[in-house]
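File shown: structure_26.pdb (PDB, C-alpha atoms, pLDDT in the B column).
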ATOM      1  CA  MET J   1    -117.728 -73.691  67.323  1.00 92.00           C
ATOM      2  CA  LEU J   2    -116.838 -76.474  64.923  1.00 96.00           C
ATOM      3  CA  LYS J   3    -115.849 -79.955  66.056  1.00 97.00           C
ATOM      4  CA  SER J   4    -114.034 -82.861  64.471  1.00 98.00           C
ATOM      5  CA  ILE J   5    -115.299 -86.343  65.276  1.00 98.00           C
ATOM      6  CA  CYS J   6    -112.900 -89.188  64.568  1.00 98.00           C
ATOM      7  CA  ALA J   7    -114.365 -92.675  65.032  1.00 98.00           C
ATOM      8  CA  ILE J   8    -112.324 -95.866  64.767  1.00 97.00           C
ATOM      9  CA  ILE J   9    -114.674 -98.769  64.109  1.00 96.00           C
ATOM     10  CA  PRO J  10    -114.379-102.374  62.880  1.00 92.00           C
ATOM     11  CA  GLU J  11    -114.515-102.669  59.097  1.00 93.00           C
ATOM     12  CA  LYS J  12    -117.583-104.913  59.279  1.00 93.00           C
ATOM     13  CA  LYS J  13    -119.560-102.174  61.102  1.00 96.00           C
ATOM     14  CA  LEU J  14    -119.093 -99.484  58.432  1.00 97.00           C
ATOM     15  CA  GLY J  15    -122.399-100.196  56.657  1.00 97.00           C
ATOM     16  CA  ASP J  16    -124.404-100.004  59.881  1.00 97.00           C
ATOM     17  CA  VAL J  17    -122.711 -96.775  60.969  1.00 98.00           C
ATOM     18  CA  ASN J  18    -123.188 -95.200  57.540  1.00 97.00           C
ATOM     19  CA  LYS J  19    -126.940 -96.005  57.613  1.00 97.00           C
ATOM     20  CA  ALA J  20    -127.256 -94.538  61.116  1.00 98.00           C
ATOM     21  CA  LEU J  21    -125.478 -91.348  60.040  1.00 98.00           C
ATOM     22  CA  HIS J  22    -127.727 -91.029  56.967  1.00 97.00           C
ATOM     23  CA  LYS J  23    -130.794 -91.277  59.235  1.00 97.00           C
ATOM     24  CA  ILE J  24    -129.659 -88.197  61.189  1.00 97.00           C
ATOM     25  CA  ASN J  25    -128.744 -86.313  57.990  1.00 96.00           C
ATOM     26  CA  VAL J  26    -124.960 -86.368  58.275  1.00 96.00           C
ATOM     27  CA  SER J  27    -124.006 -85.538  54.707  1.00 89.00           C
ATOM     28  CA  GLY J  28    -120.223 -85.152  54.903  1.00 90.00           C
ATOM     29  CA  LEU J  29    -117.962 -88.019  55.883  1.00 94.00           C
ATOM     30  CA  THR J  30    -114.402 -89.109  55.100  1.00 97.00           C
ATOM     31  CA  ILE J  31    -113.406 -92.756  55.532  1.00 97.00           C
ATOM     32  CA  PHE J  32    -109.875 -94.102  55.900  1.00 97.00           C
ATOM     33  CA  ASP J  33    -109.007 -97.811  55.711  1.00 96.00           C
ATOM     34  CA  THR J  34    -106.856 -98.486  58.768  1.00 94.00           C
ATOM     35  CA  LYS J  35    -105.349-101.310  60.780  1.00 89.00           C
ATOM     36  CA  GLY J  36    -104.827-101.409  64.501  1.00 84.00           C
ATOM     37  CA  ARG J  37    -104.675-103.430  67.654  1.00 80.00           C
ATOM     38  CA  GLY J  38    -106.238-103.042  71.030  1.00 77.00           C
ATOM     39  CA  GLU J  39    -107.881-105.009  73.780  1.00 75.00           C
ATOM     40  CA  ASN J  40    -110.005-107.096  71.409  1.00 69.00           C
ATOM     41  CA  LEU J  41    -108.225-109.646  69.241  1.00 63.00           C
ATOM     42  CA  PRO J  42    -108.836-109.555  65.485  1.00 63.00           C
ATOM     43  CA  GLU J  43    -110.906-112.353  63.989  1.00 68.00           C
ATOM     44  CA  PRO J  44    -108.884-115.248  62.530  1.00 70.00           C
ATOM     45  CA  ASN J  45    -108.214-115.356  58.786  1.00 67.00           C
ATOM     46  CA  GLN J  46    -108.161-118.543  56.772  1.00 70.00           C
ATOM     47  CA  MET J  47    -105.350-119.358  54.372  1.00 69.00           C
ATOM     48  CA  GLY J  48    -106.030-122.684  52.731  1.00 72.00           C
ATOM     49  CA  HIS J  49    -106.670-125.137  55.565  1.00 73.00           C
ATOM     50  CA  TRP J  50    -104.899-122.992  58.132  1.00 73.00           C
ATOM     51  CA  LEU J  51    -106.280-120.340  60.436  1.00 69.00           C
ATOM     52  CA  TYR J  52    -103.987-117.510  61.373  1.00 63.00           C
ATOM     53  CA  PHE J  53    -104.371-114.533  63.640  1.00 70.00           C
ATOM     54  CA  SER J  54    -103.131-111.217  62.324  1.00 70.00           C
ATOM     55  CA  GLU J  55    -101.503-108.917  64.833  1.00 76.00           C
ATOM     56  CA  PHE J  56    -103.568-106.033  63.484  1.00 81.00           C
ATOM     57  CA  GLY J  57    -107.292-105.970  62.784  1.00 83.00           C
ATOM     58  CA  ASP J  58    -108.892-104.198  59.834  1.00 87.00           C
ATOM     59  CA  SER J  59    -110.797-101.093  60.785  1.00 93.00           C
ATOM     60  CA  ASN J  60    -112.145 -97.881  59.335  1.00 97.00           C
ATOM     61  CA  THR J  61    -111.501 -94.426  60.661  1.00 98.00           C
ATOM     62  CA  LEU J  62    -114.318 -91.964  60.030  1.00 98.00           C
ATOM     63  CA  LEU J  63    -113.766 -88.216  60.050  1.00 98.00           C
ATOM     64  CA  ILE J  64    -116.794 -85.971  60.458  1.00 98.00           C
ATOM     65  CA  ILE J  65    -116.631 -82.187  60.755  1.00 97.00           C
ATOM     66  CA  THR J  66    -119.733 -80.689  62.321  1.00 97.00           C
ATOM     67  CA  ARG J  67    -121.263 -77.959  64.440  1.00 96.00           C
ATOM     68  CA  GLU J  68    -120.962 -78.358  68.197  1.00 96.00           C
ATOM     69  CA  ALA J  69    -124.759 -78.628  68.489  1.00 96.00           C
ATOM     70  CA  ASP J  70    -124.776 -81.844  66.418  1.00 97.00           C
ATOM     71  CA  VAL J  71    -121.977 -83.695  68.226  1.00 98.00           C
ATOM     72  CA  GLU J  72    -124.143 -85.591  70.736  1.00 98.00           C
ATOM     73  CA  LYS J  73    -126.544 -87.049  68.174  1.00 98.00           C
ATOM     74  CA  ILE J  74    -123.658 -88.067  65.881  1.00 98.00           C
ATOM     75  CA  VAL J  75    -121.754 -89.727  68.728  1.00 98.00           C
ATOM     76  CA  GLU J  76    -124.881 -91.570  69.867  1.00 98.00           C
ATOM     77  CA  ALA J  77    -125.565 -92.808  66.317  1.00 98.00           C
ATOM     78  CA  ILE J  78    -122.001 -94.132  66.021  1.00 98.00           C
ATOM     79  CA  LYS J  79    -122.028 -95.751  69.472  1.00 98.00           C
ATOM     80  CA  THR J  80    -125.382 -97.450  68.889  1.00 98.00           C
ATOM     81  CA  SER J  81    -124.608 -98.735  65.398  1.00 98.00           C
ATOM     82  CA  ALA J  82    -120.949 -99.735  65.865  1.00 97.00           C
ATOM     83  CA  GLY J  83    -121.130-101.124  69.400  1.00 95.00           C
ATOM     84  CA  ILE J  84    -117.324-101.142  69.625  1.00 93.00           C
ATOM     85  CA  GLY J  85    -114.451 -98.801  68.807  1.00 94.00           C
ATOM     86  CA  LYS J  86    -113.168 -95.400  69.847  1.00 96.00           C
ATOM     87  CA  ILE J  87    -114.494 -91.874  69.296  1.00 98.00           C
ATOM     88  CA  ILE J  88    -112.264 -88.821  69.556  1.00 98.00           C
ATOM     89  CA  ILE J  89    -113.755 -85.310  69.564  1.00 98.00           C
ATOM     90  CA  THR J  90    -111.575 -82.252  69.022  1.00 98.00           C
ATOM     91  CA  ASN J  91    -112.076 -78.533  68.476  1.00 98.00           C
ATOM     92  CA  ILE J  92    -111.392 -77.116  65.036  1.00 97.00           C
ATOM     93  CA  GLU J  93    -109.494 -73.869  65.103  1.00 96.00           C
ATOM     94  CA  GLU J  94    -110.356 -72.966  61.516  1.00 96.00           C
ATOM     95  CA  LEU J  95    -112.056 -74.664  58.552  1.00 96.00           C
ATOM     96  CA  ILE J  96    -111.498 -73.469  54.990  1.00 96.00           C
ATOM     97  CA  ASP J  97    -113.341 -74.657  51.871  1.00 95.00           C
ATOM     98  CA  ILE J  98    -110.819 -74.188  49.068  1.00 96.00           C
ATOM     99  CA  GLN J  99    -113.301 -74.362  46.179  1.00 96.00           C
ATOM    100  CA  LYS J 100    -115.886 -71.963  47.644  1.00 95.00           C
ATOM    101  CA  ASN J 101    -113.273 -69.789  49.377  1.00 96.00           C
ATOM    102  CA  THR J 102    -115.297 -69.793  52.614  1.00 96.00           C
ATOM    103  CA  LYS J 103    -114.283 -70.132  56.247  1.00 96.00           C
ATOM    104  CA  GLY J 104    -115.845 -71.367  59.477  1.00 93.00           C
ATOM    105  CA  GLU J 105    -119.389 -72.766  59.431  1.00 92.00           C
ATOM    106  CA  ALA J 106    -119.889 -71.454  55.894  1.00 94.00           C
ATOM    107  CA  ALA J 107    -117.206 -73.950  54.813  1.00 93.00           C
ATOM    108  CA  LEU J 108    -119.285 -76.920  55.988  1.00 91.00           C
TER     109      LEU J 108
END

Once you've parsed the file, please lay out its structure as structure tokens.
Amino acid sequence: MLKSICAIIPEKKLGDVNKALHKINVSGLTIFDTKGRGENLPEPNQMGHWLYFSEFGDSNTLLIITREADVEKIVEAIKTSAGIGKIIITNIEELIDIQKNTKGEAAL
């Protein structure tokens, strides 16, 4: 079975997470620039001499499609390297590679 891993992490943690995923041979990854708010307040921004607090913090949302057998090691790599954020794991009903015209695991 194929799984989708969606990880919402602080923008400043993207480099660390990317290195950790490279170490465990995760080759495919999609990154979205996102903003959000949660329990933790965003860091203050400086505009001239003034500090202001944005209502939304900058974050990145990572999308990884993988085999079920690899989910645990990917999640652990993200948790260890990011230290903060959210991870959502869902089942993929069907995956299609348009260019190769393949389906399922062959489409990875």

Using all atoms listed in the file, can you tell me which of J:Gly48, J:Ile87, J:Lys23, J:Leu14 comes closest to Val75 in chain J?
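Smallest separation from Val75 in chain J among the options: J:Ile87.
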
Do you know which residues the PyMOL selection byres ((chain J and resi 66-69) around 7) returns on this file, as a ChimeraX atom specification?
/J:1-4,64-65,70-71

From CA of Ile98 in chain J to CA of Glu72 in chain J the spacing works out at 27.9 Å

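Applied to the file shown here, the PyMOL selection byres ((chain J and resi 11) around 9) selects Ile9, Pro10, Lys12, Lys13, Leu14, Gly15, Asp33, Thr34, Gly57, Asp58, Ser59, Asn60 and Thr61 of chain J.
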
So, counting all atoms listed in the file, which residue among J:Thr80, J:Asn18, J:Asn101, J:Gln46 is closest to Leu63 in chain J?
J:Asn18

Using the chain letters and numbers from the file, which residues does the PyMOL selection byres ((chain J and resi 105) around 8) grab, as a list in words?
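In the shown coordinates, the PyMOL selection byres ((chain J and resi 105) around 8) covers Leu2, Arg67, Leu95, Lys103, Gly104, Ala106, Ala107 and Leu108 of chain J.
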
Which centre and edge lengths in Å to one decimal define the box along x, y and z that fits every listed atom of range 5-20 of chain J plus 6 Å per side, as JSON?
{"center_x": -119.8, "center_y": -95.6, "center_z": 61.0, "size_x": 26.9, "size_y": 30.6, "size_z": 20.6}

What does the distance from CA of Ile89 in chain J to CA of Lys73 in chain J come to in Å, to one decimal?
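We find that CA of Ile89 in chain J and CA of Lys73 in chain J lie 13.0 Å from each other.
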
Coords for range 56-104 of chain J, N, CA and C atoms, as a PDB file, in the first residue's frame:
ATOM      1  N   PHE J  56       0.603  35.156  11.252  1.00  0.00           N
ATOM      2  CA  PHE J  56       0.917  33.859  10.675  1.00  0.00           C
ATOM      3  C   PHE J  56       2.422  33.697  10.532  1.00  0.00           C
ATOM      4  N   GLY J  57       2.912  32.506  10.865  1.00  0.00           N
ATOM      5  CA  GLY J  57       4.330  32.212  10.724  1.00  0.00           C
ATOM      6  C   GLY J  57       4.617  31.543   9.393  1.00  0.00           C
ATOM      7  N   ASP J  58       5.816  31.758   8.873  1.00  0.00           N
ATOM      8  CA  ASP J  58       6.226  31.110   7.627  1.00  0.00           C
ATOM      9  C   ASP J  58       6.569  29.656   7.899  1.00  0.00           C
ATOM     10  N   SER J  59       6.077  28.794   7.043  1.00  0.00           N
ATOM     11  CA  SER J  59       6.372  27.374   7.190  1.00  0.00           C
ATOM     12  C   SER J  59       6.478  26.741   5.812  1.00  0.00           C
ATOM     13  N   ASN J  60       6.918  25.503   5.801  1.00  0.00           N
ATOM     14  CA  ASN J  60       6.954  24.715   4.578  1.00  0.00           C
ATOM     15  C   ASN J  60       6.124  23.467   4.803  1.00  0.00           C
ATOM     16  N   THR J  61       5.416  23.075   3.787  1.00  0.00           N
ATOM     17  CA  THR J  61       4.664  21.834   3.821  1.00  0.00           C
ATOM     18  C   THR J  61       5.334  20.877   2.844  1.00  0.00           C
ATOM     19  N   LEU J  62       5.756  19.737   3.352  1.00  0.00           N
ATOM     20  CA  LEU J  62       6.434  18.731   2.544  1.00  0.00           C
ATOM     21  C   LEU J  62       5.448  17.627   2.218  1.00  0.00           C
ATOM     22  N   LEU J  63       5.471  17.172   0.986  1.00  0.00           N
ATOM     23  CA  LEU J  63       4.636  16.055   0.554  1.00  0.00           C
ATOM     24  C   LEU J  63       5.550  14.951   0.047  1.00  0.00           C
ATOM     25  N   ILE J  64       5.439  13.790   0.676  1.00  0.00           N
ATOM     26  CA  ILE J  64       6.251  12.634   0.300  1.00  0.00           C
ATOM     27  C   ILE J  64       5.307  11.464   0.051  1.00  0.00           C
ATOM     28  N   ILE J  65       5.438  10.833  -1.101  1.00  0.00           N
ATOM     29  CA  ILE J  65       4.659   9.636  -1.404  1.00  0.00           C
ATOM     30  C   ILE J  65       5.608   8.456  -1.328  1.00  0.00           C
ATOM     31  N   THR J  66       5.225   7.438  -0.555  1.00  0.00           N
ATOM     32  CA  THR J  66       6.144   6.338  -0.290  1.00  0.00           C
ATOM     33  C   THR J  66       5.410   5.028  -0.064  1.00  0.00           C
ATOM     34  N   ARG J  67       6.185   3.962   0.021  1.00  0.00           N
ATOM     35  CA  ARG J  67       5.642   2.652   0.380  1.00  0.00           C
ATOM     36  C   ARG J  67       5.370   2.626   1.884  1.00  0.00           C
ATOM     37  N   GLU J  68       4.404   1.833   2.276  1.00  0.00           N
ATOM     38  CA  GLU J  68       4.045   1.732   3.692  1.00  0.00           C
ATOM     39  C   GLU J  68       5.231   1.300   4.549  1.00  0.00           C
ATOM     40  N   ALA J  69       6.092   0.459   4.007  1.00  0.00           N
ATOM     41  CA  ALA J  69       7.246  -0.053   4.759  1.00  0.00           C
ATOM     42  C   ALA J  69       8.237   1.040   5.129  1.00  0.00           C
ATOM     43  N   ASP J  70       8.246   2.154   4.407  1.00  0.00           N
ATOM     44  CA  ASP J  70       9.213   3.225   4.655  1.00  0.00           C
ATOM     45  C   ASP J  70       8.677   4.360   5.527  1.00  0.00           C
ATOM     46  N   VAL J  71       7.414   4.297   5.886  1.00  0.00           N
ATOM     47  CA  VAL J  71       6.779   5.407   6.615  1.00  0.00           C
ATOM     48  C   VAL J  71       7.468   5.694   7.945  1.00  0.00           C
ATOM     49  N   GLU J  72       7.730   4.684   8.741  1.00  0.00           N
ATOM     50  CA  GLU J  72       8.295   4.894  10.082  1.00  0.00           C
ATOM     51  C   GLU J  72       9.647   5.600  10.038  1.00  0.00           C
ATOM     52  N   LYS J  73      10.534   5.163   9.148  1.00  0.00           N
ATOM     53  CA  LYS J  73      11.858   5.786   9.099  1.00  0.00           C
ATOM     54  C   LYS J  73      11.771   7.223   8.581  1.00  0.00           C
ATOM     55  N   ILE J  74      10.847   7.505   7.671  1.00  0.00           N
ATOM     56  CA  ILE J  74      10.673   8.866   7.167  1.00  0.00           C
ATOM     57  C   ILE J  74      10.122   9.766   8.264  1.00  0.00           C
ATOM     58  N   VAL J  75       9.114   9.295   8.970  1.00  0.00           N
ATOM     59  CA  VAL J  75       8.521  10.069  10.066  1.00  0.00           C
ATOM     60  C   VAL J  75       9.558  10.347  11.145  1.00  0.00           C
ATOM     61  N   GLU J  76      10.345   9.359  11.491  1.00  0.00           N
ATOM     62  CA  GLU J  76      11.374   9.540  12.526  1.00  0.00           C
ATOM     63  C   GLU J  76      12.419  10.559  12.080  1.00  0.00           C
ATOM     64  N   ALA J  77      12.815  10.515  10.808  1.00  0.00           N
ATOM     65  CA  ALA J  77      13.792  11.479  10.290  1.00  0.00           C
ATOM     66  C   ALA J  77      13.239  12.902  10.356  1.00  0.00           C
ATOM     67  N   ILE J  78      11.971  13.071  10.017  1.00  0.00           N
ATOM     68  CA  ILE J  78      11.353  14.402  10.073  1.00  0.00           C
ATOM     69  C   ILE J  78      11.234  14.880  11.517  1.00  0.00           C
ATOM     70  N   LYS J  79      10.747  14.012  12.395  1.00  0.00           N
ATOM     71  CA  LYS J  79      10.585  14.389  13.807  1.00  0.00           C
ATOM     72  C   LYS J  79      11.914  14.795  14.430  1.00  0.00           C
ATOM     73  N   THR J  80      12.951  14.013  14.191  1.00  0.00           N
ATOM     74  CA  THR J  80      14.260  14.268  14.785  1.00  0.00           C
ATOM     75  C   THR J  80      14.882  15.555  14.257  1.00  0.00           C
ATOM     76  N   SER J  81      14.771  15.788  12.958  1.00  0.00           N
ATOM     77  CA  SER J  81      15.435  16.947  12.360  1.00  0.00           C
ATOM     78  C   SER J  81      14.640  18.241  12.478  1.00  0.00           C
ATOM     79  N   ALA J  82      13.311  18.161  12.507  1.00  0.00           N
ATOM     80  CA  ALA J  82      12.499  19.383  12.603  1.00  0.00           C
ATOM     81  C   ALA J  82      12.271  19.777  14.059  1.00  0.00           C
ATOM     82  N   GLY J  83      11.976  18.800  14.908  1.00  0.00           N
ATOM     83  CA  GLY J  83      11.748  19.082  16.318  1.00  0.00           C
ATOM     84  C   GLY J  83      10.420  19.741  16.638  1.00  0.00           C
ATOM     85  N   ILE J  84       9.710  20.224  15.625  1.00  0.00           N
ATOM     86  CA  ILE J  84       8.437  20.908  15.833  1.00  0.00           C
ATOM     87  C   ILE J  84       7.650  20.829  14.530  1.00  0.00           C
ATOM     88  N   GLY J  85       6.343  20.826  14.622  1.00  0.00           N
ATOM     89  CA  GLY J  85       5.497  20.802  13.435  1.00  0.00           C
ATOM     90  C   GLY J  85       4.434  19.736  13.541  1.00  0.00           C
ATOM     91  N   LYS J  86       3.847  19.408  12.415  1.00  0.00           N
ATOM     92  CA  LYS J  86       2.797  18.387  12.350  1.00  0.00           C
ATOM     93  C   LYS J  86       3.101  17.445  11.195  1.00  0.00           C
ATOM     94  N   ILE J  87       2.747  16.160  11.378  1.00  0.00           N
ATOM     95  CA  ILE J  87       2.895  15.161  10.330  1.00  0.00           C
ATOM     96  C   ILE J  87       1.548  14.468  10.158  1.00  0.00           C
ATOM     97  N   ILE J  88       1.102  14.410   8.916  1.00  0.00           N
ATOM     98  CA  ILE J  88      -0.177  13.778   8.595  1.00  0.00           C
ATOM     99  C   ILE J  88       0.113  12.638   7.623  1.00  0.00           C
ATOM    100  N   ILE J  89      -0.382  11.447   7.927  1.00  0.00           N
ATOM    101  CA  ILE J  89      -0.155  10.277   7.083  1.00  0.00           C
ATOM    102  C   ILE J  89      -1.505   9.782   6.583  1.00  0.00           C
ATOM    103  N   THR J  90      -1.614   9.637   5.263  1.00  0.00           N
ATOM    104  CA  THR J  90      -2.869   9.160   4.680  1.00  0.00           C
ATOM    105  C   THR J  90      -2.592   8.043   3.679  1.00  0.00           C
ATOM    106  N   ASN J  91      -3.621   7.241   3.428  1.00  0.00           N
ATOM    107  CA  ASN J  91      -3.541   6.191   2.417  1.00  0.00           C
ATOM    108  C   ASN J  91      -3.752   6.801   1.036  1.00  0.00           C
ATOM    109  N   ILE J  92      -3.071   6.264   0.056  1.00  0.00           N
ATOM    110  CA  ILE J  92      -3.264   6.686  -1.323  1.00  0.00           C
ATOM    111  C   ILE J  92      -4.066   5.603  -2.033  1.00  0.00           C
ATOM    112  N   GLU J  93      -5.185   6.008  -2.562  1.00  0.00           N
ATOM    113  CA  GLU J  93      -6.047   5.056  -3.260  1.00  0.00           C
ATOM    114  C   GLU J  93      -5.418   4.610  -4.580  1.00  0.00           C
ATOM    115  N   GLU J  94      -4.882   5.572  -5.329  1.00  0.00           N
ATOM    116  CA  GLU J  94      -4.218   5.239  -6.584  1.00  0.00           C
ATOM    117  C   GLU J  94      -3.201   6.314  -6.923  1.00  0.00           C
ATOM    118  N   LEU J  95      -2.055   5.900  -7.470  1.00  0.00           N
ATOM    119  CA  LEU J  95      -1.007   6.817  -7.909  1.00  0.00           C
ATOM    120  C   LEU J  95      -0.742   6.545  -9.379  1.00  0.00           C
ATOM    121  N   ILE J  96      -0.715   7.605 -10.178  1.00  0.00           N
ATOM    122  CA  ILE J  96      -0.496   7.467 -11.617  1.00  0.00           C
ATOM    123  C   ILE J  96       0.650   8.386 -12.025  1.00  0.00           C
ATOM    124  N   ASP J  97       1.646   7.835 -12.720  1.00  0.00           N
ATOM    125  CA  ASP J  97       2.717   8.631 -13.307  1.00  0.00           C
ATOM    126  C   ASP J  97       2.300   8.918 -14.749  1.00  0.00           C
ATOM    127  N   ILE J  98       2.027  10.165 -15.045  1.00  0.00           N
ATOM    128  CA  ILE J  98       1.518  10.550 -16.359  1.00  0.00           C
ATOM    129  C   ILE J  98       2.539  10.274 -17.458  1.00  0.00           C
ATOM    130  N   GLN J  99       3.798  10.665 -17.219  1.00  0.00           N
ATOM    131  CA  GLN J  99       4.825  10.515 -18.256  1.00  0.00           C
ATOM    132  C   GLN J  99       5.110   9.052 -18.585  1.00  0.00           C
ATOM    133  N   LYS J 100       5.254   8.213 -17.555  1.00  0.00           N
ATOM    134  CA  LYS J 100       5.594   6.804 -17.777  1.00  0.00           C
ATOM    135  C   LYS J 100       4.365   5.921 -18.016  1.00  0.00           C
ATOM    136  N   ASN J 101       3.184   6.480 -17.761  1.00  0.00           N
ATOM    137  CA  ASN J 101       1.926   5.761 -17.895  1.00  0.00           C
ATOM    138  C   ASN J 101       1.913   4.489 -17.027  1.00  0.00           C
ATOM    139  N   THR J 102       2.350   4.662 -15.761  1.00  0.00           N
ATOM    140  CA  THR J 102       2.367   3.564 -14.804  1.00  0.00           C
ATOM    141  C   THR J 102       1.455   3.882 -13.636  1.00  0.00           C
ATOM    142  N   LYS J 103       1.077   2.844 -12.905  1.00  0.00           N
ATOM    143  CA  LYS J 103       0.192   2.998 -11.755  1.00  0.00           C
ATOM    144  C   LYS J 103       0.773   2.290 -10.541  1.00  0.00           C
ATOM    145  N   GLY J 104       0.269   2.656  -9.364  1.00  0.00           N
ATOM    146  CA  GLY J 104       0.678   2.001  -8.126  1.00  0.00           C
ATOM    147  C   GLY J 104       2.147   2.231  -7.791  1.00  0.00           C
TER     148      GLY J 104
END
